[in-house]
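Structure below is data-v7.pdb: PDB, C-alpha atoms (C1' of nucleotides).
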MODEL        1
ATOM      1  CA  MET R 735       3.234 -13.407  -0.994
ATOM      2  CA  VAL R 736       6.356 -13.930   1.059
ATOM      3  CA  LYS R 737       5.136 -12.174   4.174
ATOM      4  CA  PRO R 738       1.430 -12.555   5.086
ATOM      5  CA  THR R 739      -0.152  -9.389   6.345
ATOM      6  CA  ARG R 740      -0.897  -8.721   9.992
ATOM      7  CA  VAL R 741      -3.663  -6.304   9.192
ATOM      8  CA  THR R 742      -7.188  -7.576   9.748
ATOM      9  CA  ASN R 743     -10.412  -5.962   8.580
ATOM     10  CA  SER R 744     -14.143  -5.781   9.032
ATOM     11  CA  ILE R 745     -15.084  -5.585   5.393
ATOM     12  CA  ARG R 746     -17.387  -8.586   5.357
ATOM     13  CA  ALA R 747     -19.309  -7.349   8.353
ATOM     14  CA  LEU R 748     -19.567  -3.848   6.930
ATOM     15  CA  ARG R 749     -20.722  -5.258   3.624
ATOM     16  CA  PHE R 750     -23.616  -7.091   5.211
ATOM     17  CA  ALA R 751     -24.374  -4.148   7.461
ATOM     18  CA  SER R 752     -24.636  -2.020   4.333
ATOM     19  CA  GLY R 753     -27.623  -3.826   2.917
ATOM     20  CA  GLU R 754     -26.312  -7.033   1.427
ATOM     21  CA  MET R 755     -23.687  -5.380  -0.701
ATOM     22  CA  THR R 756     -21.947  -8.020  -2.820
ATOM     23  CA  GLN R 757     -18.194  -8.222  -3.325
ATOM     24  CA  ALA R 758     -18.629  -7.269  -6.963
ATOM     25  CA  ASP R 759     -20.701  -4.221  -6.024
ATOM     26  CA  LEU R 760     -18.187  -3.084  -3.456
ATOM     27  CA  ALA R 761     -15.215  -3.687  -5.749
ATOM     28  CA  ASP R 762     -16.976  -1.578  -8.328
ATOM     29  CA  ARG R 763     -17.678   1.281  -5.978
ATOM     30  CA  VAL R 764     -14.172   1.170  -4.579
ATOM     31  CA  GLY R 765     -12.635   1.100  -8.012
ATOM     32  CA  VAL R 766     -10.710  -2.176  -7.823
ATOM     33  CA  THR R 767     -11.291  -5.589  -9.318
ATOM     34  CA  ARG R 768     -13.306  -8.281  -7.635
ATOM     35  CA  GLN R 769     -10.216 -10.429  -7.137
ATOM     36  CA  THR R 770      -8.445  -7.616  -5.363
ATOM     37  CA  LEU R 771     -11.344  -7.055  -3.034
ATOM     38  CA  ILE R 772     -11.622 -10.758  -2.217
ATOM     39  CA  ALA R 773      -7.921 -10.951  -1.429
ATOM     40  CA  ILE R 774      -8.122  -7.911   0.842
ATOM     41  CA  GLU R 775     -11.312  -9.075   2.558
ATOM     42  CA  GLN R 776      -9.617 -12.401   3.244
ATOM     43  CA  GLY R 777      -6.529 -10.683   4.572
ATOM     44  CA  ARG R 778      -4.269 -12.267   1.990
ATOM     45  CA  TYR R 779      -2.493  -8.967   1.685
ATOM     46  CA  SER R 780      -2.947  -5.445   2.937
ATOM     47  CA  PRO R 781      -4.053  -2.882   0.383
ATOM     48  CA  SER R 782      -2.406   0.396  -0.462
ATOM     49  CA  LEU R 783      -3.366   3.293   1.767
ATOM     50  CA  GLU R 784      -5.306   4.862  -1.045
ATOM     51  CA  THR R 785      -7.358   1.724  -1.668
ATOM     52  CA  ALA R 786      -7.968   1.444   2.057
ATOM     53  CA  PHE R 787      -9.253   5.026   2.162
ATOM     54  CA  ARG R 788     -11.618   4.402  -0.720
ATOM     55  CA  ILE R 789     -13.027   1.307   0.975
ATOM     56  CA  ALA R 790     -13.639   3.196   4.201
ATOM     57  CA  ARG R 791     -15.267   6.021   2.283
ATOM     58  CA  VAL R 792     -17.755   3.682   0.604
ATOM     59  CA  PHE R 793     -18.907   2.585   4.048
ATOM     60  CA  GLY R 794     -18.745   6.107   5.409
ATOM     61  CA  VAL R 795     -16.555   5.178   8.364
ATOM     62  CA  PRO R 796     -13.030   6.091   9.493
ATOM     63  CA  LEU R 797     -10.116   3.926   8.443
ATOM     64  CA  ASP R 798      -9.702   2.462  11.899
ATOM     65  CA  ASP R 799     -13.224   1.077  11.748
ATOM     66  CA  VAL R 800     -12.350  -0.998   8.711
ATOM     67  CA  PHE R 801      -8.775  -2.081   9.363
ATOM     68  CA  GLN R 802      -7.073  -3.192  12.556
ATOM     69  CA  TYR R 803      -3.357  -3.546  13.181
ATOM     70  CA  PRO R 804      -2.595  -5.809  16.130
ATOM     71  CA  ASP R 805      -0.122  -4.765  18.774
ATOM     72  CA  PRO R 806       3.198  -6.175  17.528
ATOM     73  CA  ALA R 807       3.975  -7.259  21.084
ATOM     74  CA  GLU R 808       1.216  -9.843  21.223
ATOM     75  CA  GLU R 809       1.108 -11.851  18.060
ATOM     76  CA  LYS R 810       2.156 -15.131  19.543
ATOM     77  CA  PRO R 811       0.196 -18.124  18.188
TER      78      PRO R 811
ATOM     79  CA  MET N1011       5.373   7.533 -10.804
ATOM     80  CA  VAL N1012       2.594   7.547 -13.335
ATOM     81  CA  LYS N1013      -0.141   8.566 -10.946
ATOM     82  CA  PRO N1014       0.829  10.927  -8.086
ATOM     83  CA  THR N1015      -0.906  10.189  -4.839
ATOM     84  CA  ARG N1016      -3.839  12.201  -3.535
ATOM     85  CA  VAL N1017      -3.127  11.259   0.050
ATOM     86  CA  THR N1018      -1.596  13.980   2.192
ATOM     87  CA  ASN N1019      -0.064  13.588   5.624
ATOM     88  CA  SER N1020       1.003  15.350   8.790
ATOM     89  CA  ILE N1021       4.209  13.478   9.375
ATOM     90  CA  ARG N1022       6.486  16.497   9.472
ATOM     91  CA  ALA N1023       4.308  18.261  11.987
ATOM     92  CA  LEU N1024       4.001  15.154  14.135
ATOM     93  CA  ARG N1025       7.739  14.654  13.971
ATOM     94  CA  PHE N1026       8.429  18.098  15.365
ATOM     95  CA  ALA N1027       5.632  17.751  17.898
ATOM     96  CA  SER N1028       7.313  14.572  19.094
ATOM     97  CA  GLY N1029      10.445  16.252  20.315
ATOM     98  CA  GLU N1030      12.542  17.006  17.273
ATOM     99  CA  MET N1031      12.482  13.479  15.948
ATOM    100  CA  THR N1032      14.655  13.264  12.831
ATOM    101  CA  GLN N1033      13.625  11.478   9.659
ATOM    102  CA  ALA N1034      16.298   8.866  10.260
ATOM    103  CA  ASP N1035      15.008   8.255  13.787
ATOM    104  CA  LEU N1036      11.438   7.899  12.630
ATOM    105  CA  ALA N1037      12.355   5.652   9.702
ATOM    106  CA  ASP N1038      14.200   3.472  12.154
ATOM    107  CA  ARG N1039      11.334   3.233  14.585
ATOM    108  CA  VAL N1040       8.850   2.606  11.793
ATOM    109  CA  GLY N1041      11.034  -0.055  10.257
ATOM    110  CA  VAL N1042      11.556   1.429   6.807
ATOM    111  CA  THR N1043      14.501   3.133   5.151
ATOM    112  CA  ARG N1044      15.134   6.835   5.310
ATOM    113  CA  GLN N1045      14.407   7.220   1.598
ATOM    114  CA  THR N1046      11.018   5.607   2.001
ATOM    115  CA  LEU N1047      10.109   7.886   4.845
ATOM    116  CA  ILE N1048      11.195  10.989   2.942
ATOM    117  CA  ALA N1049       9.149   9.961  -0.096
ATOM    118  CA  ILE N1050       6.073   9.365   2.040
ATOM    119  CA  GLU N1051       6.513  12.557   4.060
ATOM    120  CA  GLN N1052       6.747  14.490   0.792
ATOM    121  CA  GLY N1053       3.673  12.777  -0.577
ATOM    122  CA  ARG N1054       5.503  11.325  -3.546
ATOM    123  CA  TYR N1055       3.551   8.133  -3.083
ATOM    124  CA  SER N1056       1.168   6.687  -0.552
ATOM    125  CA  PRO N1057       2.587   3.937   1.634
ATOM    126  CA  SER N1058       1.191   0.482   2.156
ATOM    127  CA  LEU N1059      -1.490   0.229   4.811
ATOM    128  CA  GLU N1060       0.876  -1.658   7.063
ATOM    129  CA  THR N1061       3.560   1.010   6.815
ATOM    130  CA  ALA N1062       0.930   3.653   7.474
ATOM    131  CA  PHE N1063      -0.210   1.832  10.602
ATOM    132  CA  ARG N1064       3.327   1.570  11.909
ATOM    133  CA  ILE N1065       3.897   5.290  11.388
ATOM    134  CA  ALA N1066       0.718   6.178  13.250
ATOM    135  CA  ARG N1067       1.676   3.831  16.033
ATOM    136  CA  VAL N1068       5.048   5.511  16.559
ATOM    137  CA  PHE N1069       3.227   8.792  17.140
ATOM    138  CA  GLY N1070       0.516   7.114  19.171
ATOM    139  CA  VAL N1071      -2.318   8.551  17.117
ATOM    140  CA  PRO N1072      -5.045   7.069  14.889
ATOM    141  CA  LEU N1073      -4.408   6.661  11.195
ATOM    142  CA  ASP N1074      -6.721   9.505  10.279
ATOM    143  CA  ASP N1075      -4.587  11.900  12.300
ATOM    144  CA  VAL N1076      -1.575  11.145  10.125
ATOM    145  CA  PHE N1077      -3.065  10.714   6.658
ATOM    146  CA  GLN N1078      -5.833  12.609   4.888
ATOM    147  CA  TYR N1079      -7.678  11.592   1.751
ATOM    148  CA  PRO N1080      -9.371  14.533   0.026
ATOM    149  CA  ASP N1081     -12.954  14.293  -1.160
ATOM    150  CA  PRO N1082     -12.641  12.984  -4.723
ATOM    151  CA  ALA N1083     -15.374  15.428  -5.757
ATOM    152  CA  GLU N1084     -13.248  18.493  -5.190
ATOM    153  CA  GLU N1085      -9.814  17.991  -6.638
ATOM    154  CA  LYS N1086     -10.080  20.423  -9.475
ATOM    155  CA  PRO N1087      -6.836  22.372 -10.149
TER     156      PRO N1087
ATOM    157  C1'  DA V 871      37.838  26.549   6.528
ATOM    158  C1'  DC V 872      36.340  22.226   7.870
ATOM    159  C1'  DT V 873      33.381  18.736   9.683
ATOM    160  C1'  DC V 874      29.040  16.890  11.061
ATOM    161  C1'  DG V 875      24.151  16.025  11.155
ATOM    162  C1'  DA V 876      19.868  16.478   8.773
ATOM    163  C1'  DT V 877      17.582  16.647   4.550
ATOM    164  C1'  DG V 878      17.044  15.751  -0.322
ATOM    165  C1'  DT V 879      17.888  13.449  -5.172
ATOM    166  C1'  DA V 880      18.660   9.863  -8.623
ATOM    167  C1'  DC V 881      18.761   5.356 -10.277
ATOM    168  C1'  DA V 882      18.134   0.415 -10.658
ATOM    169  C1'  DA V 883      16.745  -3.784  -8.359
ATOM    170  C1'  DA V 884      13.690  -6.251  -5.269
ATOM    171  C1'  DA V 885       9.335  -6.823  -3.094
ATOM    172  C1'  DT V 886       4.516  -6.109  -2.950
ATOM    173  C1'  DC V 887       0.007  -4.962  -4.769
ATOM    174  C1'  DT V 888      -3.369  -4.965  -8.706
ATOM    175  C1'  DT V 889      -5.261  -6.470 -12.969
ATOM    176  C1'  DT V 890      -6.715  -9.713 -16.485
ATOM    177  C1'  DG V 891      -8.776 -13.857 -17.879
ATOM    178  C1'  DA V 892     -10.152 -18.295 -17.066
ATOM    179  C1'  DC V 893     -12.235 -21.795 -14.416
ATOM    180  C1'  DA V 894     -14.655 -24.146 -10.039
ATOM    181  C1'  DT V 895     -18.146 -24.690  -6.484
ATOM    182  C1'  DA V 896     -22.443 -23.963  -3.952
ATOM    183  C1'  DG V 897     -27.166 -22.274  -3.484
ATOM    184  C1'  DC V 898     -31.388 -20.867  -5.409
ATOM    185  C1'  DC V 899     -35.231 -21.134  -8.311
ATOM    186  C1'  DA V 900     -38.045 -21.812 -12.579
TER     187       DA V 900
ATOM    188  C1'  DT P1293     -31.992 -30.328 -15.201
ATOM    189  C1'  DG P1294     -30.407 -25.832 -16.600
ATOM    190  C1'  DG P1295     -29.365 -21.221 -15.779
ATOM    191  C1'  DC P1296     -28.044 -17.644 -12.738
ATOM    192  C1'  DT P1297     -25.619 -15.217  -8.914
ATOM    193  C1'  DA P1298     -22.141 -14.928  -5.413
ATOM    194  C1'  DT P1299     -17.950 -16.523  -3.888
ATOM    195  C1'  DG P1300     -13.382 -18.392  -4.446
ATOM    196  C1'  DT P1301      -8.849 -19.921  -6.888
ATOM    197  C1'  DC P1302      -4.919 -19.825  -9.930
ATOM    198  C1'  DA P1303      -1.242 -17.960 -12.816
ATOM    199  C1'  DA P1304       1.048 -14.463 -15.346
ATOM    200  C1'  DA P1305       1.617  -9.701 -16.551
ATOM    201  C1'  DG P1306       1.505  -4.817 -15.094
ATOM    202  C1'  DA P1307       1.902  -1.135 -11.738
ATOM    203  C1'  DT P1308       3.416   0.705  -7.460
ATOM    204  C1'  DT P1309       6.131   0.692  -3.242
ATOM    205  C1'  DT P1310      10.502  -0.229  -0.855
ATOM    206  C1'  DT P1311      15.360  -0.914  -0.688
ATOM    207  C1'  DG P1312      20.347  -0.096  -1.615
ATOM    208  C1'  DT P1313      23.975   2.750  -3.020
ATOM    209  C1'  DA P1314      25.801   6.935  -3.990
ATOM    210  C1'  DC P1315      26.124  11.782  -4.079
ATOM    211  C1'  DA P1316      24.596  17.026  -3.058
ATOM    212  C1'  DT P1317      23.223  20.901  -0.141
ATOM    213  C1'  DC P1318      22.470  23.558   3.908
ATOM    214  C1'  DG P1319      23.199  25.301   8.689
ATOM    215  C1'  DA P1320      25.416  24.898  13.132
ATOM    216  C1'  DG P1321      29.400  24.271  15.454
ATOM    217  C1'  DT P1322      34.453  24.149  16.507
TER     218       DT P1322
ENDMDL
END

Show the structure stored in the file as C-alpha coordinates.
Amino acid sequence: MVKPTRVTNSIRALRFASGEMTQADLADRVGVTRQTLIAIEQGRYSPSLETAFRIARVFGVPLDDVFQYPDPAEEKP
Amino acid sequence: MVKPTRVTNSIRALRFASGEMTQADLADRVGVTRQTLIAIEQGRYSPSLETAFRIARVFGVPLDDVFQYPDPAEEKP
DNA sequence: ACTCGATGTACAAAATCTTTGACATAGCCA
DNA sequence: TGGCTATGTCAAAGATTTTGTACATCGAGT
(Lines of atoms letter the chains of each structure in order from A and count residues from 1; the text may use other names and numbers.)
(Lines give C-alpha, C1' and ligand atoms only; values in the text may rest on other atoms or scores of the structure.)
Protein backbone atom coordinates (compact mmCIF):
# COMPACT_ATOMS: atom_id res chain seq x y z
CA MET A 1 0.00 0.00 0.00
CA VAL A 2 1.56 3.26 -1.09
CA LYS A 3 -0.95 5.53 0.58
CA PRO A 4 -2.36 4.43 3.97
CA THR A 5 -6.04 5.09 4.37
CA ARG A 6 -7.45 7.93 6.43
CA VAL A 7 -10.70 6.15 7.03
CA THR A 8 -11.19 4.73 10.51
CA ASN A 9 -13.88 2.31 11.63
CA SER A 10 -15.74 0.86 14.56
CA ILE A 11 -15.84 -2.71 13.39
CA ARG A 12 -14.18 -4.24 16.43
CA ALA A 13 -16.52 -2.48 18.79
CA LEU A 14 -19.56 -3.42 16.73
CA ARG A 15 -18.37 -7.00 16.59
CA PHE A 16 -18.22 -7.29 20.35
CA ALA A 17 -21.47 -5.39 20.72
CA SER A 18 -23.06 -7.96 18.43
CA GLY A 19 -22.57 -10.88 20.77
CA GLU A 20 -18.95 -11.88 20.48
CA MET A 21 -18.98 -12.21 16.73
CA THR A 22 -15.59 -13.47 15.56
CA GLN A 23 -13.69 -12.06 12.59
CA ALA A 24 -14.24 -15.30 10.70
CA ASP A 25 -17.99 -15.17 11.36
CA LEU A 26 -18.24 -11.58 10.24
CA ALA A 27 -16.09 -12.14 7.15
CA ASP A 28 -18.39 -14.99 6.26
CA ARG A 29 -21.56 -12.98 6.68
CA VAL A 30 -20.11 -10.05 4.79
CA GLY A 31 -18.91 -12.25 1.98
CA VAL A 32 -15.18 -11.51 2.09
CA THR A 33 -12.20 -13.48 3.30
CA ARG A 34 -10.92 -13.34 6.83
CA GLN A 35 -7.72 -11.63 5.72
CA THR A 36 -9.68 -8.89 4.02
CA LEU A 37 -11.77 -8.27 7.09
CA ILE A 38 -8.71 -8.13 9.34
CA ALA A 39 -7.02 -5.64 7.05
CA ILE A 40 -10.11 -3.43 6.97
CA GLU A 41 -10.71 -3.68 10.72
CA GLN A 42 -7.10 -2.63 11.26
CA GLY A 43 -7.45 0.24 8.84
CA ARG A 44 -4.70 -1.04 6.58
CA TYR A 45 -6.82 -0.03 3.64
CA SER A 46 -10.31 1.23 3.03
CA PRO A 47 -12.73 -1.22 1.46
CA SER A 48 -14.81 -0.75 -1.64
CA LEU A 49 -18.10 1.03 -1.11
CA GLU A 50 -19.97 -2.17 -1.74
CA THR A 51 -18.00 -4.09 0.88
CA ALA A 52 -18.52 -1.23 3.30
CA PHE A 53 -22.28 -1.36 2.72
CA ARG A 54 -22.38 -5.09 3.35
CA ILE A 55 -20.47 -4.69 6.61
CA ALA A 56 -22.85 -2.00 7.82
CA ARG A 57 -25.82 -4.13 6.84
CA VAL A 58 -24.61 -7.09 8.92
CA PHE A 59 -24.60 -4.82 11.96
CA GLY A 60 -27.84 -3.17 10.95
CA VAL A 61 -26.45 0.36 11.18
CA PRO A 62 -25.86 3.19 8.69
CA LEU A 63 -22.52 3.48 6.95
CA ASP A 64 -21.50 6.49 9.00
CA ASP A 65 -21.80 4.45 12.17
CA VAL A 66 -19.16 2.03 10.94
CA PHE A 67 -16.72 4.24 9.07
CA GLN A 68 -15.41 7.71 9.86
CA TYR A 69 -13.55 10.05 7.55
CA PRO A 70 -11.60 12.70 9.43
CA ASP A 71 -11.80 16.33 8.42
CA PRO A 72 -8.92 16.74 5.95
CA ALA A 73 -8.09 20.06 7.60
CA GLU A 74 -7.03 18.51 10.88
CA GLU A 75 -4.87 15.50 10.29
CA LYS A 76 -1.69 16.92 11.69
CA PRO A 77 0.29 14.43 13.82
CA MET B 1 -16.36 -4.94 -15.73
CA VAL B 2 -17.25 -8.50 -14.90
CA LYS B 3 -19.67 -7.69 -12.13
CA PRO B 4 -21.73 -4.47 -12.49
CA THR B 5 -22.27 -2.63 -9.26
CA ARG B 6 -25.52 -2.73 -7.32
CA VAL B 7 -24.85 0.59 -5.67
CA THR B 8 -26.88 3.51 -6.97
CA ASN B 9 -26.32 7.18 -6.25
CA SER B 10 -27.84 10.64 -6.27
CA ILE B 11 -24.85 12.52 -7.55
CA ARG B 12 -26.55 14.08 -10.54
CA ALA B 13 -29.41 15.37 -8.45
CA LEU B 14 -27.07 16.70 -5.79
CA ARG B 15 -24.96 18.36 -8.45
CA PHE B 16 -27.91 20.30 -9.80
CA ALA B 17 -29.17 21.05 -6.31
CA SER B 18 -25.76 22.54 -5.56
CA GLY B 19 -26.05 25.35 -8.05
CA GLU B 20 -25.39 23.86 -11.46
CA MET B 21 -22.11 22.28 -10.50
CA THR B 22 -20.54 20.66 -13.57
CA GLN B 23 -18.98 17.21 -13.57
CA ALA B 24 -15.57 18.76 -14.11
CA ASP B 25 -16.07 21.08 -11.14
CA LEU B 26 -17.16 18.26 -8.88
CA ALA B 27 -14.37 15.94 -10.01
CA ASP B 28 -11.95 18.71 -9.22
CA ARG B 29 -13.32 19.35 -5.77
CA VAL B 30 -13.48 15.64 -5.01
CA GLY B 31 -9.95 15.10 -6.22
CA VAL B 32 -10.58 12.57 -8.97
CA THR B 33 -10.58 12.81 -12.74
CA ARG B 34 -13.61 13.69 -14.78
CA GLN B 35 -13.78 10.18 -16.24
CA THR B 36 -13.88 8.65 -12.79
CA LEU B 37 -16.69 10.91 -11.71
CA ILE B 38 -18.71 10.17 -14.84
CA ALA B 39 -18.29 6.42 -14.35
CA ILE B 40 -19.40 6.66 -10.73
CA GLU B 41 -22.31 8.99 -11.48
CA GLN B 42 -23.49 6.52 -14.13
CA GLY B 43 -23.13 3.61 -11.74
CA ARG B 44 -20.64 1.80 -13.93
CA TYR B 45 -18.72 0.86 -10.82
CA SER B 46 -18.82 1.68 -7.15
CA PRO B 47 -16.05 3.95 -5.92
CA SER B 48 -13.66 3.30 -3.08
CA LEU B 49 -14.97 4.22 0.35
CA GLU B 50 -12.55 7.12 0.52
CA THR B 51 -13.71 8.55 -2.79
CA ALA B 52 -17.31 8.11 -1.67
CA PHE B 53 -16.61 10.02 1.53
CA ARG B 54 -15.00 12.88 -0.35
CA ILE B 55 -17.98 13.14 -2.69
CA ALA B 56 -20.42 13.26 0.22
CA ARG B 57 -18.28 15.86 1.91
CA VAL B 58 -18.37 18.19 -1.10
CA PHE B 59 -22.16 18.16 -0.91
CA GLY B 60 -22.13 18.36 2.87
CA VAL B 61 -24.37 15.35 3.34
CA PRO B 62 -23.95 11.91 4.94
CA LEU B 63 -22.82 9.01 2.82
CA ASP B 64 -26.24 7.40 2.84
CA ASP B 65 -27.70 10.47 1.18
CA VAL B 66 -25.42 10.01 -1.81
CA PHE B 67 -25.22 6.24 -2.22
CA GLN B 68 -27.88 3.56 -1.86
CA TYR B 69 -27.37 -0.17 -1.57
CA PRO B 70 -30.49 -2.15 -2.46
CA ASP B 71 -31.69 -4.98 -0.25
CA PRO B 72 -29.92 -8.04 -1.66
CA ALA B 73 -33.15 -10.01 -1.21
CA GLU B 74 -35.02 -8.11 -3.88
CA GLU B 75 -32.87 -7.70 -6.95
CA LYS B 76 -34.77 -9.99 -9.22
CA PRO B 77 -34.99 -8.73 -12.85
C1' DA C 1 -21.34 28.31 -39.92
C1' DC C 2 -18.33 28.22 -36.22
C1' DT C 3 -16.77 27.90 -31.56
C1' DC C 4 -17.22 26.71 -26.81
C1' DG C 5 -18.61 24.26 -22.73
C1' DA C 6 -20.57 20.14 -20.89
C1' DT C 7 -21.16 15.39 -21.34
C1' DG C 8 -19.94 10.83 -22.94
C1' DT C 9 -16.88 6.81 -24.94
C1' DA C 10 -12.89 3.81 -25.63
C1' DC C 11 -8.62 1.92 -24.52
C1' DA C 12 -4.45 0.71 -22.05
C1' DA C 13 -1.64 1.50 -18.01
C1' DA C 14 -1.20 2.35 -13.11
C1' DA C 15 -2.89 1.99 -8.52
C1' DT C 16 -5.66 -0.20 -5.16
C1' DC C 17 -8.41 -3.87 -3.19
C1' DT C 18 -9.37 -8.94 -2.60
C1' DT C 19 -8.29 -13.72 -2.62
C1' DT C 20 -5.57 -17.84 -1.83
C1' DG C 21 -2.61 -20.54 0.87
C1' DA C 22 0.62 -21.04 4.27
C1' DC C 23 2.47 -20.21 8.68
C1' DA C 24 2.91 -17.92 13.70
C1' DT C 25 1.39 -16.66 18.30
C1' DA C 26 -1.48 -16.54 22.44
C1' DG C 27 -5.12 -18.29 25.46
C1' DC C 28 -7.96 -21.88 27.05
C1' DC C 29 -9.02 -26.32 28.61
C1' DA C 30 -9.08 -31.47 28.92
C1' DT D 1 1.49 -31.70 26.87
C1' DG D 2 -1.62 -31.59 23.00
C1' DG D 3 -5.37 -29.83 20.58
C1' DC D 4 -8.38 -26.15 19.50
C1' DT D 5 -9.99 -21.37 18.50
C1' DA D 6 -9.19 -16.60 17.49
C1' DT D 7 -6.13 -13.39 15.81
C1' DG D 8 -2.40 -11.81 12.95
C1' DT D 9 1.28 -11.83 9.03
C1' DC D 10 3.32 -12.48 4.55
C1' DA D 11 3.67 -12.92 -0.46
C1' DA D 12 1.90 -13.55 -4.97
C1' DA D 13 -1.92 -13.75 -8.10
C1' DG D 14 -6.50 -11.99 -9.47
C1' DA D 15 -10.05 -8.48 -9.74
C1' DT D 16 -11.60 -3.83 -9.58
C1' DT D 17 -10.96 1.14 -9.53
C1' DT D 18 -8.54 5.26 -11.22
C1' DT D 19 -5.82 7.74 -14.47
C1' DG D 20 -4.24 9.52 -19.02
C1' DT D 21 -4.99 10.45 -23.69
C1' DA D 22 -7.78 11.01 -27.39
C1' DC D 23 -11.93 11.65 -29.83
C1' DA D 24 -17.40 12.38 -30.51
C1' DT D 25 -21.84 14.65 -29.76
C1' DC D 26 -25.07 18.07 -28.38
C1' DG D 27 -26.94 22.74 -27.34
C1' DA D 28 -26.20 27.62 -26.63
C1' DG D 29 -24.21 31.53 -28.19
C1' DT D 30 -22.03 34.93 -31.40

Item to complete: Return as a list in words the residues belonging to chain R that are within 12 Å of chain P, counting only C-alpha atoms (C1' of nucleotides).
Response: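 Every residue meeting the condition is included here: Glu754, Met755, Thr756, Gln757, Ala758, Asp759, Arg768, Gln769, Thr770, Leu771, Ile772, Ala773, Glu775, Gln776, Pro781, Ser782, Leu783 and Glu784 of chain R.
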
Neighbour list for Ile1021 (chain N) as an mmCIF file with C-alpha atoms, keeping the file's coordinate frame, cut-off 8 Å, all atoms listed in the file, skip fewer than 3 positions in-chain:
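Full text of around-v5.cif as output:
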data_model
loop_
_atom_site.group_PDB
_atom_site.id
_atom_site.type_symbol
_atom_site.label_atom_id
_atom_site.label_comp_id
_atom_site.auth_asym_id
_atom_site.auth_seq_id
_atom_site.Cartn_x
_atom_site.Cartn_y
_atom_site.Cartn_z
ATOM 1 C CA LEU N 1024 4.001 15.154 14.135
ATOM 2 C CA ARG N 1025 7.739 14.654 13.971
ATOM 3 C CA GLU N 1051 6.513 12.557 4.060
ATOM 4 C CA VAL N 1076 -1.575 11.145 10.125
#

Worksheet item: Which chain N residues are at most 8 Å from chain R (counting all atoms listed in the file), as a list in words?
Response: Thr1015, Arg1016, Val1017, Ser1056, Pro1057, Ser1058, Leu1059, Glu1060, Ala1062, Phe1063, Pro1072, Leu1073, Asp1074 and Tyr1079 of chain N

Discussion item. Taking all atoms listed in the file into account, find every residue of chain V that has an atom no more than 9 Å from chain N, and write it out as a VMD selection string.
Written reply: chain V and resid 876 to 878 886 to 887

Discussion item. Rounded to one decimal, what separation in Å do you get between CA of Arg778 (chain R) and CA of Ser1020 (chain N)?
Written reply: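 These two atoms are separated by 28.9 Å.
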